[in-house]
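*Asks:* Structure file final-v3.txt, compact mmCIF, N, CA and C atoms, is pasted below:
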```txt
# COMPACT_ATOMS: atom_id res chain seq x y z
N MET Q 1 7.43 21.44 6.82
CA MET Q 1 8.47 21.02 7.75
C MET Q 1 8.41 19.51 7.99
N ARG Q 2 7.22 18.94 7.94
CA ARG Q 2 7.12 17.49 8.13
C ARG Q 2 7.94 16.74 7.10
N ARG Q 3 7.88 17.18 5.84
CA ARG Q 3 8.66 16.51 4.79
C ARG Q 3 10.15 16.72 5.01
N ALA Q 4 10.55 17.92 5.42
CA ALA Q 4 11.96 18.19 5.69
C ALA Q 4 12.46 17.30 6.83
N LEU Q 5 11.67 17.13 7.87
CA LEU Q 5 12.05 16.25 8.99
C LEU Q 5 12.18 14.81 8.52
N ALA Q 6 11.27 14.37 7.66
CA ALA Q 6 11.36 13.00 7.11
C ALA Q 6 12.63 12.82 6.30
N LEU Q 7 12.99 13.83 5.52
CA LEU Q 7 14.24 13.77 4.74
C LEU Q 7 15.45 13.77 5.67
N GLY Q 8 15.38 14.52 6.75
CA GLY Q 8 16.45 14.49 7.74
C GLY Q 8 16.62 13.12 8.36
N ALA Q 9 15.51 12.45 8.64
CA ALA Q 9 15.56 11.09 9.17
C ALA Q 9 16.17 10.13 8.15
N GLU Q 10 15.85 10.32 6.87
CA GLU Q 10 16.47 9.51 5.81
C GLU Q 10 17.97 9.72 5.78
N ALA Q 11 18.40 10.97 5.95
CA ALA Q 11 19.83 11.28 5.98
C ALA Q 11 20.50 10.54 7.14
N ALA Q 12 19.89 10.59 8.31
CA ALA Q 12 20.46 9.91 9.48
C ALA Q 12 20.60 8.41 9.23
N ALA Q 13 19.58 7.82 8.62
CA ALA Q 13 19.62 6.38 8.32
C ALA Q 13 20.74 6.04 7.34
N ALA Q 14 21.15 7.01 6.55
CA ALA Q 14 22.23 6.82 5.58
C ALA Q 14 23.58 7.28 6.15
N GLU Q 15 23.63 7.52 7.47
CA GLU Q 15 24.86 7.96 8.15
C GLU Q 15 25.30 9.36 7.73
N GLU Q 16 24.35 10.18 7.30
CA GLU Q 16 24.60 11.59 6.98
C GLU Q 16 24.09 12.44 8.13
N ILE Q 17 24.64 13.63 8.30
CA ILE Q 17 24.09 14.55 9.30
C ILE Q 17 22.62 14.77 8.95
N PRO Q 18 21.72 14.59 9.92
CA PRO Q 18 20.28 14.55 9.63
C PRO Q 18 19.64 15.91 9.37
N VAL Q 19 19.86 16.42 8.17
CA VAL Q 19 19.24 17.67 7.76
C VAL Q 19 18.47 17.41 6.47
N GLY Q 20 17.24 17.90 6.43
CA GLY Q 20 16.41 17.79 5.24
C GLY Q 20 15.86 19.15 4.87
N ALA Q 21 15.58 19.34 3.57
CA ALA Q 21 15.09 20.63 3.09
C ALA Q 21 14.11 20.44 1.95
N VAL Q 22 13.15 21.34 1.85
CA VAL Q 22 12.22 21.37 0.72
C VAL Q 22 12.07 22.80 0.24
N VAL Q 23 11.82 22.93 -1.05
CA VAL Q 23 11.50 24.23 -1.64
C VAL Q 23 10.07 24.13 -2.13
N THR Q 24 9.26 25.11 -1.74
CA THR Q 24 7.87 25.15 -2.19
C THR Q 24 7.66 26.40 -3.03
N ASP Q 25 6.72 26.28 -3.98
CA ASP Q 25 6.40 27.43 -4.82
C ASP Q 25 5.40 28.33 -4.11
N ALA Q 26 4.95 29.37 -4.77
CA ALA Q 26 4.05 30.34 -4.15
C ALA Q 26 2.73 29.71 -3.71
N ALA Q 27 2.34 28.61 -4.35
CA ALA Q 27 1.10 27.93 -3.98
C ALA Q 27 1.31 26.90 -2.87
N GLY Q 28 2.56 26.68 -2.47
CA GLY Q 28 2.85 25.72 -1.40
C GLY Q 28 3.18 24.33 -1.88
N ALA Q 29 3.28 24.12 -3.18
CA ALA Q 29 3.63 22.80 -3.72
C ALA Q 29 5.14 22.60 -3.66
N ILE Q 30 5.56 21.40 -3.27
CA ILE Q 30 6.98 21.10 -3.23
C ILE Q 30 7.51 20.99 -4.66
N ILE Q 31 8.55 21.79 -4.95
CA ILE Q 31 9.15 21.76 -6.29
C ILE Q 31 10.60 21.28 -6.24
N GLY Q 32 11.12 21.06 -5.04
CA GLY Q 32 12.47 20.54 -4.88
C GLY Q 32 12.67 20.08 -3.45
N GLU Q 33 13.44 19.03 -3.28
CA GLU Q 33 13.72 18.55 -1.94
C GLU Q 33 15.12 17.97 -1.91
N GLY Q 34 15.66 17.87 -0.71
CA GLY Q 34 16.99 17.30 -0.58
C GLY Q 34 17.30 16.97 0.86
N ARG Q 35 18.33 16.16 1.00
CA ARG Q 35 18.87 15.83 2.31
C ARG Q 35 20.38 15.86 2.18
N ASN Q 36 21.06 15.90 3.29
CA ASN Q 36 22.51 15.90 3.23
C ASN Q 36 23.00 14.68 2.47
N LEU Q 37 23.93 14.89 1.56
CA LEU Q 37 24.50 13.82 0.73
C LEU Q 37 26.03 13.88 0.69
N ARG Q 38 26.64 14.58 1.62
CA ARG Q 38 28.10 14.75 1.56
C ARG Q 38 28.85 13.43 1.64
N GLU Q 39 28.49 12.57 2.56
CA GLU Q 39 29.18 11.29 2.70
C GLU Q 39 28.95 10.41 1.48
N GLU Q 40 27.71 10.36 1.05
CA GLU Q 40 27.33 9.50 -0.09
C GLU Q 40 28.01 9.93 -1.38
N THR Q 41 28.11 11.23 -1.60
CA THR Q 41 28.63 11.73 -2.88
C THR Q 41 30.08 12.19 -2.81
N GLY Q 42 30.59 12.42 -1.60
CA GLY Q 42 31.92 12.98 -1.46
C GLY Q 42 31.99 14.44 -1.87
N ASP Q 43 30.85 15.08 -1.98
CA ASP Q 43 30.74 16.47 -2.42
C ASP Q 43 30.56 17.37 -1.20
N PRO Q 44 31.53 18.23 -0.90
CA PRO Q 44 31.41 19.07 0.28
C PRO Q 44 30.27 20.08 0.20
N THR Q 45 29.73 20.33 -0.99
CA THR Q 45 28.62 21.27 -1.13
C THR Q 45 27.26 20.60 -1.08
N ALA Q 46 27.21 19.30 -0.88
CA ALA Q 46 25.95 18.56 -0.94
C ALA Q 46 25.16 18.66 0.37
N HIS Q 47 24.97 19.88 0.84
CA HIS Q 47 24.09 20.12 1.99
C HIS Q 47 22.65 20.01 1.51
N ALA Q 48 21.75 19.73 2.43
CA ALA Q 48 20.34 19.55 2.08
C ALA Q 48 19.78 20.75 1.32
N GLU Q 49 20.13 21.95 1.75
CA GLU Q 49 19.60 23.16 1.10
C GLU Q 49 20.06 23.25 -0.36
N ILE Q 50 21.33 22.98 -0.60
CA ILE Q 50 21.88 23.06 -1.95
C ILE Q 50 21.22 22.02 -2.84
N VAL Q 51 21.07 20.81 -2.33
CA VAL Q 51 20.42 19.74 -3.10
C VAL Q 51 18.98 20.14 -3.44
N ALA Q 52 18.26 20.70 -2.47
CA ALA Q 52 16.88 21.12 -2.70
C ALA Q 52 16.80 22.28 -3.68
N LEU Q 53 17.71 23.25 -3.57
CA LEU Q 53 17.72 24.39 -4.50
C LEU Q 53 17.99 23.92 -5.93
N ARG Q 54 18.93 23.01 -6.09
CA ARG Q 54 19.23 22.48 -7.43
C ARG Q 54 18.02 21.77 -8.02
N ALA Q 55 17.33 20.99 -7.19
CA ALA Q 55 16.13 20.28 -7.66
C ALA Q 55 15.03 21.26 -8.05
N ALA Q 56 14.85 22.31 -7.25
CA ALA Q 56 13.81 23.30 -7.55
C ALA Q 56 14.14 24.05 -8.83
N ALA Q 57 15.39 24.42 -9.01
CA ALA Q 57 15.80 25.11 -10.24
C ALA Q 57 15.58 24.22 -11.46
N ALA Q 58 15.91 22.95 -11.33
CA ALA Q 58 15.68 22.01 -12.45
C ALA Q 58 14.20 21.86 -12.73
N SER Q 59 13.40 21.81 -11.67
CA SER Q 59 11.95 21.64 -11.81
C SER Q 59 11.30 22.84 -12.50
N THR Q 60 11.76 24.04 -12.16
CA THR Q 60 11.16 25.25 -12.73
C THR Q 60 11.84 25.70 -14.02
N GLY Q 61 13.04 25.19 -14.25
CA GLY Q 61 13.79 25.64 -15.43
C GLY Q 61 14.40 27.01 -15.24
N SER Q 62 14.53 27.44 -13.99
CA SER Q 62 15.08 28.77 -13.71
C SER Q 62 15.85 28.75 -12.40
N TRP Q 63 16.93 29.52 -12.36
CA TRP Q 63 17.68 29.67 -11.12
C TRP Q 63 16.96 30.61 -10.16
N ASN Q 64 16.06 31.44 -10.67
CA ASN Q 64 15.41 32.46 -9.86
C ASN Q 64 14.20 31.88 -9.13
N LEU Q 65 14.34 31.79 -7.81
CA LEU Q 65 13.29 31.19 -6.98
C LEU Q 65 12.70 32.22 -6.02
N GLU Q 66 12.55 33.48 -6.49
CA GLU Q 66 12.16 34.57 -5.59
C GLU Q 66 10.78 34.40 -4.97
N HIS Q 67 9.89 33.69 -5.57
CA HIS Q 67 8.55 33.52 -4.99
C HIS Q 67 8.42 32.21 -4.23
N CYS Q 68 9.56 31.62 -3.90
CA CYS Q 68 9.58 30.31 -3.25
C CYS Q 68 9.98 30.43 -1.78
N THR Q 69 9.70 29.35 -1.06
CA THR Q 69 10.09 29.22 0.34
C THR Q 69 10.98 27.99 0.48
N LEU Q 70 12.09 28.15 1.17
CA LEU Q 70 12.95 27.02 1.52
C LEU Q 70 12.68 26.69 2.97
N THR Q 71 12.33 25.45 3.24
CA THR Q 71 12.10 24.98 4.60
C THR Q 71 13.15 23.94 4.91
N VAL Q 72 13.88 24.13 6.00
CA VAL Q 72 14.99 23.25 6.34
C VAL Q 72 14.99 22.98 7.84
N THR Q 73 15.47 21.81 8.23
CA THR Q 73 15.41 21.42 9.63
C THR Q 73 16.44 22.12 10.51
N LEU Q 74 17.53 22.65 9.90
CA LEU Q 74 18.59 23.31 10.67
C LEU Q 74 18.89 24.66 10.02
N GLU Q 75 19.15 25.65 10.83
CA GLU Q 75 19.52 26.98 10.33
C GLU Q 75 20.63 26.85 9.29
N PRO Q 76 20.48 27.47 8.14
CA PRO Q 76 21.49 27.38 7.09
C PRO Q 76 22.86 27.93 7.51
N CYS Q 77 23.91 27.30 6.97
CA CYS Q 77 25.28 27.75 7.19
C CYS Q 77 25.60 28.89 6.22
N LEU Q 78 26.82 29.41 6.30
CA LEU Q 78 27.23 30.50 5.41
C LEU Q 78 27.13 30.11 3.94
N MET Q 79 27.62 28.92 3.58
CA MET Q 79 27.57 28.50 2.18
C MET Q 79 26.13 28.44 1.69
N CYS Q 80 25.27 27.83 2.47
CA CYS Q 80 23.88 27.68 2.06
C CYS Q 80 23.16 29.03 2.02
N ALA Q 81 23.47 29.91 2.98
CA ALA Q 81 22.87 31.24 2.96
C ALA Q 81 23.26 31.98 1.68
N GLY Q 82 24.50 31.84 1.26
CA GLY Q 82 24.93 32.46 0.01
C GLY Q 82 24.18 31.91 -1.18
N ALA Q 83 23.99 30.59 -1.22
CA ALA Q 83 23.25 29.97 -2.32
C ALA Q 83 21.79 30.40 -2.30
N ILE Q 84 21.21 30.52 -1.12
CA ILE Q 84 19.82 30.96 -0.99
C ILE Q 84 19.66 32.36 -1.57
N LEU Q 85 20.59 33.24 -1.25
CA LEU Q 85 20.52 34.60 -1.79
C LEU Q 85 20.77 34.61 -3.29
N GLN Q 86 21.69 33.80 -3.78
CA GLN Q 86 21.95 33.73 -5.22
C GLN Q 86 20.73 33.24 -5.98
N ALA Q 87 19.94 32.37 -5.35
CA ALA Q 87 18.72 31.85 -5.97
C ALA Q 87 17.53 32.78 -5.77
N ARG Q 88 17.74 33.85 -5.01
CA ARG Q 88 16.71 34.85 -4.73
C ARG Q 88 15.51 34.28 -3.98
N VAL Q 89 15.72 33.22 -3.19
CA VAL Q 89 14.62 32.63 -2.41
C VAL Q 89 14.05 33.72 -1.51
N GLY Q 90 12.74 33.88 -1.53
CA GLY Q 90 12.11 34.96 -0.80
C GLY Q 90 11.90 34.72 0.68
N ARG Q 91 11.82 33.44 1.06
CA ARG Q 91 11.50 33.13 2.46
C ARG Q 91 12.22 31.87 2.87
N VAL Q 92 12.78 31.88 4.07
CA VAL Q 92 13.46 30.71 4.62
C VAL Q 92 12.84 30.40 5.97
N VAL Q 93 12.43 29.16 6.14
CA VAL Q 93 11.85 28.66 7.38
C VAL Q 93 12.76 27.54 7.88
N PHE Q 94 13.16 27.61 9.15
CA PHE Q 94 14.00 26.51 9.64
C PHE Q 94 13.59 26.10 11.04
N GLY Q 95 14.03 24.89 11.41
CA GLY Q 95 13.68 24.31 12.70
C GLY Q 95 14.65 24.70 13.81
N ALA Q 96 15.78 24.00 13.88
CA ALA Q 96 16.74 24.21 14.96
C ALA Q 96 17.72 25.32 14.63
N TRP Q 97 18.04 26.12 15.62
CA TRP Q 97 19.07 27.14 15.49
C TRP Q 97 20.42 26.45 15.55
N ASP Q 98 21.41 26.99 14.82
CA ASP Q 98 22.76 26.44 14.83
C ASP Q 98 23.69 27.48 15.45
N ASP Q 99 23.95 27.33 16.75
CA ASP Q 99 24.75 28.34 17.45
C ASP Q 99 26.25 28.21 17.20
N LYS Q 100 26.64 27.28 16.33
CA LYS Q 100 28.05 27.13 15.96
C LYS Q 100 28.34 27.67 14.56
N ALA Q 101 27.38 27.53 13.63
CA ALA Q 101 27.66 27.91 12.24
C ALA Q 101 26.46 28.53 11.53
N GLY Q 102 25.43 28.90 12.26
CA GLY Q 102 24.23 29.43 11.63
C GLY Q 102 24.43 30.79 10.99
N ALA Q 103 23.82 30.98 9.83
CA ALA Q 103 23.96 32.25 9.09
C ALA Q 103 22.62 32.89 8.81
N ALA Q 104 21.62 32.58 9.65
CA ALA Q 104 20.29 33.16 9.48
C ALA Q 104 19.80 33.80 10.77
N GLY Q 105 20.76 34.26 11.59
CA GLY Q 105 20.36 34.98 12.78
C GLY Q 105 21.09 34.60 14.05
N SER Q 106 21.72 33.43 14.11
CA SER Q 106 22.38 33.05 15.37
C SER Q 106 23.82 33.56 15.41
N VAL Q 107 24.71 33.00 14.61
CA VAL Q 107 26.10 33.46 14.57
C VAL Q 107 26.24 34.63 13.60
N TYR Q 108 25.67 34.46 12.42
CA TYR Q 108 25.64 35.49 11.38
C TYR Q 108 24.19 35.72 10.99
N ASP Q 109 23.92 36.82 10.30
CA ASP Q 109 22.58 37.07 9.80
C ASP Q 109 22.67 37.48 8.32
N VAL Q 110 23.29 36.63 7.55
CA VAL Q 110 23.54 36.89 6.13
C VAL Q 110 22.24 37.09 5.35
N LEU Q 111 21.23 36.29 5.66
CA LEU Q 111 19.99 36.34 4.87
C LEU Q 111 19.23 37.66 4.99
N ARG Q 112 19.49 38.40 6.06
CA ARG Q 112 18.80 39.68 6.27
C ARG Q 112 19.76 40.87 6.30
N ASP Q 113 20.96 40.66 5.84
CA ASP Q 113 21.99 41.71 5.89
C ASP Q 113 21.63 42.84 4.94
N ARG Q 114 21.40 44.03 5.46
CA ARG Q 114 20.97 45.18 4.66
C ARG Q 114 22.06 45.69 3.72
N ARG Q 115 23.29 45.25 3.92
CA ARG Q 115 24.38 45.66 3.03
C ARG Q 115 24.36 44.90 1.72
N LEU Q 116 23.62 43.82 1.66
CA LEU Q 116 23.56 43.00 0.44
C LEU Q 116 22.40 43.44 -0.44
N PRO Q 117 22.49 43.18 -1.74
CA PRO Q 117 21.45 43.65 -2.66
C PRO Q 117 20.14 42.86 -2.58
N VAL Q 118 20.18 41.65 -2.03
CA VAL Q 118 18.95 40.86 -1.86
C VAL Q 118 18.92 40.33 -0.43
N ARG Q 119 17.71 40.11 0.06
CA ARG Q 119 17.50 39.57 1.40
C ARG Q 119 16.35 38.59 1.34
N ALA Q 120 16.25 37.78 2.38
CA ALA Q 120 15.14 36.83 2.49
C ALA Q 120 14.44 37.03 3.82
N GLU Q 121 13.17 36.80 3.83
CA GLU Q 121 12.42 36.75 5.09
C GLU Q 121 12.87 35.48 5.81
N VAL Q 122 13.06 35.54 7.11
CA VAL Q 122 13.52 34.40 7.89
C VAL Q 122 12.55 34.11 9.02
N VAL Q 123 12.16 32.84 9.14
CA VAL Q 123 11.32 32.39 10.25
C VAL Q 123 12.04 31.20 10.88
N GLY Q 124 12.55 31.37 12.07
CA GLY Q 124 13.29 30.31 12.74
C GLY Q 124 12.51 29.68 13.87
N GLY Q 125 12.93 28.48 14.26
CA GLY Q 125 12.34 27.79 15.41
C GLY Q 125 11.06 27.04 15.12
N VAL Q 126 10.74 26.78 13.85
CA VAL Q 126 9.53 26.04 13.50
C VAL Q 126 9.78 24.55 13.73
N ALA Q 127 8.95 23.92 14.53
CA ALA Q 127 9.12 22.51 14.90
C ALA Q 127 10.52 22.28 15.48
N GLU Q 128 10.99 23.27 16.23
CA GLU Q 128 12.35 23.21 16.78
C GLU Q 128 12.60 21.98 17.65
N PRO Q 129 11.69 21.58 18.54
CA PRO Q 129 11.97 20.39 19.36
C PRO Q 129 12.20 19.13 18.52
N GLU Q 130 11.41 18.96 17.47
CA GLU Q 130 11.57 17.78 16.62
C GLU Q 130 12.89 17.83 15.85
N ALA Q 131 13.24 19.00 15.35
CA ALA Q 131 14.49 19.15 14.61
C ALA Q 131 15.69 18.95 15.54
N GLN Q 132 15.64 19.50 16.74
CA GLN Q 132 16.73 19.30 17.70
C GLN Q 132 16.85 17.83 18.10
N ALA Q 133 15.74 17.16 18.29
CA ALA Q 133 15.77 15.75 18.69
C ALA Q 133 16.43 14.90 17.61
N LEU Q 134 16.14 15.19 16.36
CA LEU Q 134 16.75 14.46 15.25
C LEU Q 134 18.27 14.60 15.30
N LEU Q 135 18.75 15.80 15.48
CA LEU Q 135 20.19 16.06 15.55
C LEU Q 135 20.80 15.45 16.81
N ARG Q 136 20.15 15.64 17.94
CA ARG Q 136 20.68 15.13 19.21
C ARG Q 136 20.81 13.61 19.17
N THR Q 137 19.79 12.92 18.68
CA THR Q 137 19.84 11.47 18.60
C THR Q 137 21.00 11.00 17.72
N PHE Q 138 21.18 11.67 16.60
CA PHE Q 138 22.25 11.32 15.67
C PHE Q 138 23.62 11.49 16.32
N PHE Q 139 23.86 12.65 16.92
CA PHE Q 139 25.18 12.94 17.48
C PHE Q 139 25.43 12.19 18.79
N ASP Q 140 24.41 11.97 19.60
CA ASP Q 140 24.59 11.19 20.84
C ASP Q 140 25.04 9.76 20.53
N ALA Q 141 24.56 9.20 19.44
CA ALA Q 141 24.94 7.83 19.06
C ALA Q 141 26.39 7.75 18.60
N ARG Q 142 26.99 8.88 18.28
CA ARG Q 142 28.36 8.90 17.76
C ARG Q 142 29.38 9.40 18.77
N ARG Q 143 28.93 9.75 19.95
CA ARG Q 143 29.85 10.26 20.98
C ARG Q 143 30.16 9.21 22.01
```
As structure tokens, what does this structure read like?
*Replies:*
Amino acid sequence: MRRALALGAEAAAAEEIPVGAVVTDAAGAIIGEGRNLREETGDPTAHAEIVALRAAAASTGSWNLEHCTLTVTLEPCLMCAGAILQARVGRVVFGAWDDKAGAAGSVYDVLRDRRLPVRAEVVGGVAEPEAQALLRTFFDARR
């Protein structure tokens, strides 16, 4: 989570919504990382989770990340939850809950939906105060 928070801070410095994400393998080594890049790239799918998943897939040479953990500073949205399931990520750890668009237990619970053929273990609220502070500082400066 420390690395994800650092990536979120990098995003904020680049005028991006401050979200950072890392993918670790079964041994805990980082195999992919990302931060929000939507403003920089003009790509609406360039959320931190998607960027990190793409990097992890490139690093491993496989789209299948079932033995991996995605750690992200903010609860994944619907798009990212879908990508997480498509990549078969086995575990998702996040910091701040997103009560407006979260898809890992707050608004929706896509990652654990028993109607879907794959699910992920979800651990929310890890380093939540730090993750919330990063977001609050960013948005307070813009209001």
*Asks:* Here is a test: counting only C-alpha atoms, which residue of Q:Ala83, Q:Thr41, Q:Leu74, Q:Gly102 is nearest to Pro129 of chain Q?
*Replies:*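 Among the listed residues, Q:Leu74 lies closest to Pro129 of chain Q.
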*Asks:* Using DSSP on the backbone coordinates, identify all residues within segment 12-58 of chain Q classified as helix (DSSP H, G or I); present the result as a list in words.
*Replies:*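 DSSP-assigned helix (DSSP H, G or I) residues in segment 12-58 of chain Q: Ala12, Ala13, Arg38, Glu39, Glu40, Thr41, Ala48, Glu49, Ile50, Val51, Ala52, Leu53, Arg54, Ala55, Ala56, Ala57 and Ala58 of chain Q.
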*Asks:* Considering only N, CA and C atoms, return as a PDB file with N, CA and C atoms, in the coordinates of the input whatever protein or nucleic-acid residues lie within 8 Å of Glu39 of chain Q, sequence-local ones (same chain, fewer than 4 positions apart) excluded.
*Replies:*
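And here is the file that came out, part-v4.pdb:
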```
ATOM      1  N   ALA Q  14      21.150   7.010   6.550  1.00  0.00           N
ATOM      2  CA  ALA Q  14      22.230   6.820   5.580  1.00  0.00           C
ATOM      3  C   ALA Q  14      23.580   7.280   6.150  1.00  0.00           C
ATOM      4  N   GLU Q  15      23.630   7.520   7.470  1.00  0.00           N
ATOM      5  CA  GLU Q  15      24.860   7.960   8.150  1.00  0.00           C
ATOM      6  C   GLU Q  15      25.300   9.360   7.730  1.00  0.00           C
ATOM      7  N   GLU Q  16      24.350  10.180   7.300  1.00  0.00           N
ATOM      8  CA  GLU Q  16      24.600  11.590   6.980  1.00  0.00           C
ATOM      9  C   GLU Q  16      24.090  12.440   8.130  1.00  0.00           C
ATOM     10  N   ILE Q  17      24.640  13.630   8.300  1.00  0.00           N
ATOM     11  CA  ILE Q  17      24.090  14.550   9.300  1.00  0.00           C
ATOM     12  C   ILE Q  17      22.620  14.770   8.950  1.00  0.00           C
ATOM     13  N   ASP Q  43      30.850  15.080  -1.980  1.00  0.00           N
ATOM     14  CA  ASP Q  43      30.740  16.470  -2.420  1.00  0.00           C
ATOM     15  C   ASP Q  43      30.560  17.370  -1.200  1.00  0.00           C
ATOM     16  N   PRO Q  44      31.530  18.230  -0.900  1.00  0.00           N
ATOM     17  CA  PRO Q  44      31.410  19.070   0.280  1.00  0.00           C
ATOM     18  C   PRO Q  44      30.270  20.080   0.200  1.00  0.00           C
ATOM     19  N   ALA Q  46      27.210  19.300  -0.880  1.00  0.00           N
ATOM     20  CA  ALA Q  46      25.950  18.560  -0.940  1.00  0.00           C
ATOM     21  C   ALA Q  46      25.160  18.660   0.370  1.00  0.00           C
TER      22      ALA Q  46
END
```
*Asks:* Hey, can you check how far atom N of Asn36 of chain Q sits from atom N of Thr60 of chain Q?
*Replies:*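 For atom N of Asn36 of chain Q relative to atom N of Thr60 of chain Q, the distance reads 19.8 Å.
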*Asks:* Could you tell me, as a PyMOL selection string, which residues have any atom at most 6.5 Å from (9.6, 33.1, -5.0), counting all atoms listed in the file?
*Replies:* chain Q and resi 25-26+64-69+88-91
*Asks:* Hey, which of Q:Pro18, Q:Pro76, Q:Gly34, Q:Gly125 ends up closest to Ala48 of chain Q? Count only N, CA and C atoms.
*Replies:*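 Of Q:Pro18, Q:Pro76, Q:Gly34, Q:Gly125, the one nearest Ala48 of chain Q, counting only N, CA and C atoms, is Q:Gly34.
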*Asks:* Which residue out of Q:Gly8, Q:Gly124, Q:Gly32, Q:Gly20 has the minimum interatomic distance to Ala96 of chain Q when only N, CA and C atoms are used?
*Replies:*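 Smallest distance to Ala96 of chain Q is found for Q:Gly124.
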*Asks:* Which residue is closest to Leu134 of chain Q? Choose from Q:Pro117, Q:Val19, Q:Met1, Q:Val93 and count only N, CA and C atoms.
*Replies:* Q:Val19
*Asks:* Provide the atom CA of Ile31 of chain Q to atom CA of Ser59 of chain Q distance in Å, to one decimal place.
*Replies:*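 A separation of 6.2 Å between them.
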*Asks:* Within 8 Å of Ile84 of chain Q, counting all atoms listed in the file, which residues qualify if same-chain residues fewer than 6 places away don't, as an MDAnalysis selection string?
*Replies:* chainID Q and resid 49:50 53 78 90 111 119:120
*Asks:* Using atom CA of Val123 of chain Q and atom CA of Ala12 of chain Q as the two end points, give the distance in Å to one decimal.
*Replies:*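 Spanning atom CA of Val123 of chain Q to atom CA of Ala12 of chain Q is a straight-line distance of 24.3 Å.
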*Asks:* So that I can see what lies close to Cys77 of chain Q, please list as a ChimeraX atom specification the residues with an atom at most 6 Å from it, counting all atoms listed in the file and leaving out residues fewer than 5 positions away in the same chain.
*Replies:* /Q:82,101-103
*Asks:* Using DSSP on the backbone coordinates, identify all residues within segment 5-136 of chain Q classified as strand (DSSP E); present the result as a VMD selection string.
*Replies:* chain Q and resid 20 to 24 30 to 35 69 to 74 91 to 96 121 to 123
*Asks:* Which residue gives the smallest distance to Glu75 of chain Q among Q:Ala21, Q:Ala104, Q:Ala6, Q:Leu135, with only N, CA and C atoms counted?
*Replies:*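 The closest residue to Glu75 of chain Q is Q:Ala104.
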*Asks:* Counting only C-alpha atoms, which residue out of Q:Ala56, Q:Ala27, Q:Ala13, Q:Val92 sits closest to Thr73 of chain Q?
*Replies:*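 Of Q:Ala56, Q:Ala27, Q:Ala13, Q:Val92, the one nearest Thr73 of chain Q, counting only C-alpha atoms, is Q:Val92.
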*Asks:* Place N, CA, C and O atoms on segment 77-88 of chain Q and deliver the coordinates as a PDB file, in the frame of the given file.
*Replies:*
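Once everything was written out, this is rebuild.pdb:
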```pdb
ATOM      1  N   CYS Q  77      23.910  27.300   6.970  1.00  0.00           N
ATOM      2  CA  CYS Q  77      25.280  27.750   7.190  1.00  0.00           C
ATOM      3  C   CYS Q  77      25.600  28.890   6.220  1.00  0.00           C
ATOM      4  O   CYS Q  77      24.769  29.267   5.393  1.00  0.00           O
ATOM      5  N   LEU Q  78      26.820  29.410   6.300  1.00  0.00           N
ATOM      6  CA  LEU Q  78      27.230  30.500   5.410  1.00  0.00           C
ATOM      7  C   LEU Q  78      27.130  30.110   3.940  1.00  0.00           C
ATOM      8  O   LEU Q  78      26.654  30.894   3.112  1.00  0.00           O
ATOM      9  N   MET Q  79      27.620  28.920   3.580  1.00  0.00           N
ATOM     10  CA  MET Q  79      27.570  28.500   2.180  1.00  0.00           C
ATOM     11  C   MET Q  79      26.130  28.440   1.690  1.00  0.00           C
ATOM     12  O   MET Q  79      25.813  28.954   0.603  1.00  0.00           O
ATOM     13  N   CYS Q  80      25.270  27.830   2.470  1.00  0.00           N
ATOM     14  CA  CYS Q  80      23.880  27.680   2.060  1.00  0.00           C
ATOM     15  C   CYS Q  80      23.160  29.030   2.020  1.00  0.00           C
ATOM     16  O   CYS Q  80      22.355  29.283   1.123  1.00  0.00           O
ATOM     17  N   ALA Q  81      23.470  29.910   2.980  1.00  0.00           N
ATOM     18  CA  ALA Q  81      22.870  31.240   2.960  1.00  0.00           C
ATOM     19  C   ALA Q  81      23.260  31.980   1.680  1.00  0.00           C
ATOM     20  O   ALA Q  81      22.422  32.635   1.053  1.00  0.00           O
ATOM     21  N   GLY Q  82      24.500  31.840   1.260  1.00  0.00           N
ATOM     22  CA  GLY Q  82      24.930  32.460   0.010  1.00  0.00           C
ATOM     23  C   GLY Q  82      24.180  31.910  -1.180  1.00  0.00           C
ATOM     24  O   GLY Q  82      23.732  32.661  -2.054  1.00  0.00           O
ATOM     25  N   ALA Q  83      23.990  30.590  -1.220  1.00  0.00           N
ATOM     26  CA  ALA Q  83      23.250  29.970  -2.320  1.00  0.00           C
ATOM     27  C   ALA Q  83      21.790  30.400  -2.300  1.00  0.00           C
ATOM     28  O   ALA Q  83      21.190  30.639  -3.360  1.00  0.00           O
ATOM     29  N   ILE Q  84      21.210  30.520  -1.120  1.00  0.00           N
ATOM     30  CA  ILE Q  84      19.820  30.960  -0.990  1.00  0.00           C
ATOM     31  C   ILE Q  84      19.660  32.360  -1.570  1.00  0.00           C
ATOM     32  O   ILE Q  84      18.711  32.623  -2.320  1.00  0.00           O
ATOM     33  N   LEU Q  85      20.590  33.240  -1.250  1.00  0.00           N
ATOM     34  CA  LEU Q  85      20.520  34.600  -1.790  1.00  0.00           C
ATOM     35  C   LEU Q  85      20.770  34.610  -3.290  1.00  0.00           C
ATOM     36  O   LEU Q  85      20.098  35.357  -4.021  1.00  0.00           O
ATOM     37  N   GLN Q  86      21.690  33.800  -3.780  1.00  0.00           N
ATOM     38  CA  GLN Q  86      21.950  33.730  -5.220  1.00  0.00           C
ATOM     39  C   GLN Q  86      20.730  33.240  -5.980  1.00  0.00           C
ATOM     40  O   GLN Q  86      20.475  33.657  -7.113  1.00  0.00           O
ATOM     41  N   ALA Q  87      19.940  32.370  -5.350  1.00  0.00           N
ATOM     42  CA  ALA Q  87      18.720  31.850  -5.970  1.00  0.00           C
ATOM     43  C   ALA Q  87      17.530  32.780  -5.770  1.00  0.00           C
ATOM     44  O   ALA Q  87      16.446  32.525  -6.285  1.00  0.00           O
ATOM     45  N   ARG Q  88      17.740  33.850  -5.010  1.00  0.00           N
ATOM     46  CA  ARG Q  88      16.710  34.850  -4.730  1.00  0.00           C
ATOM     47  C   ARG Q  88      15.510  34.280  -3.980  1.00  0.00           C
ATOM     48  O   ARG Q  88      14.386  34.794  -4.100  1.00  0.00           O
TER      49      ARG Q  88
END
```
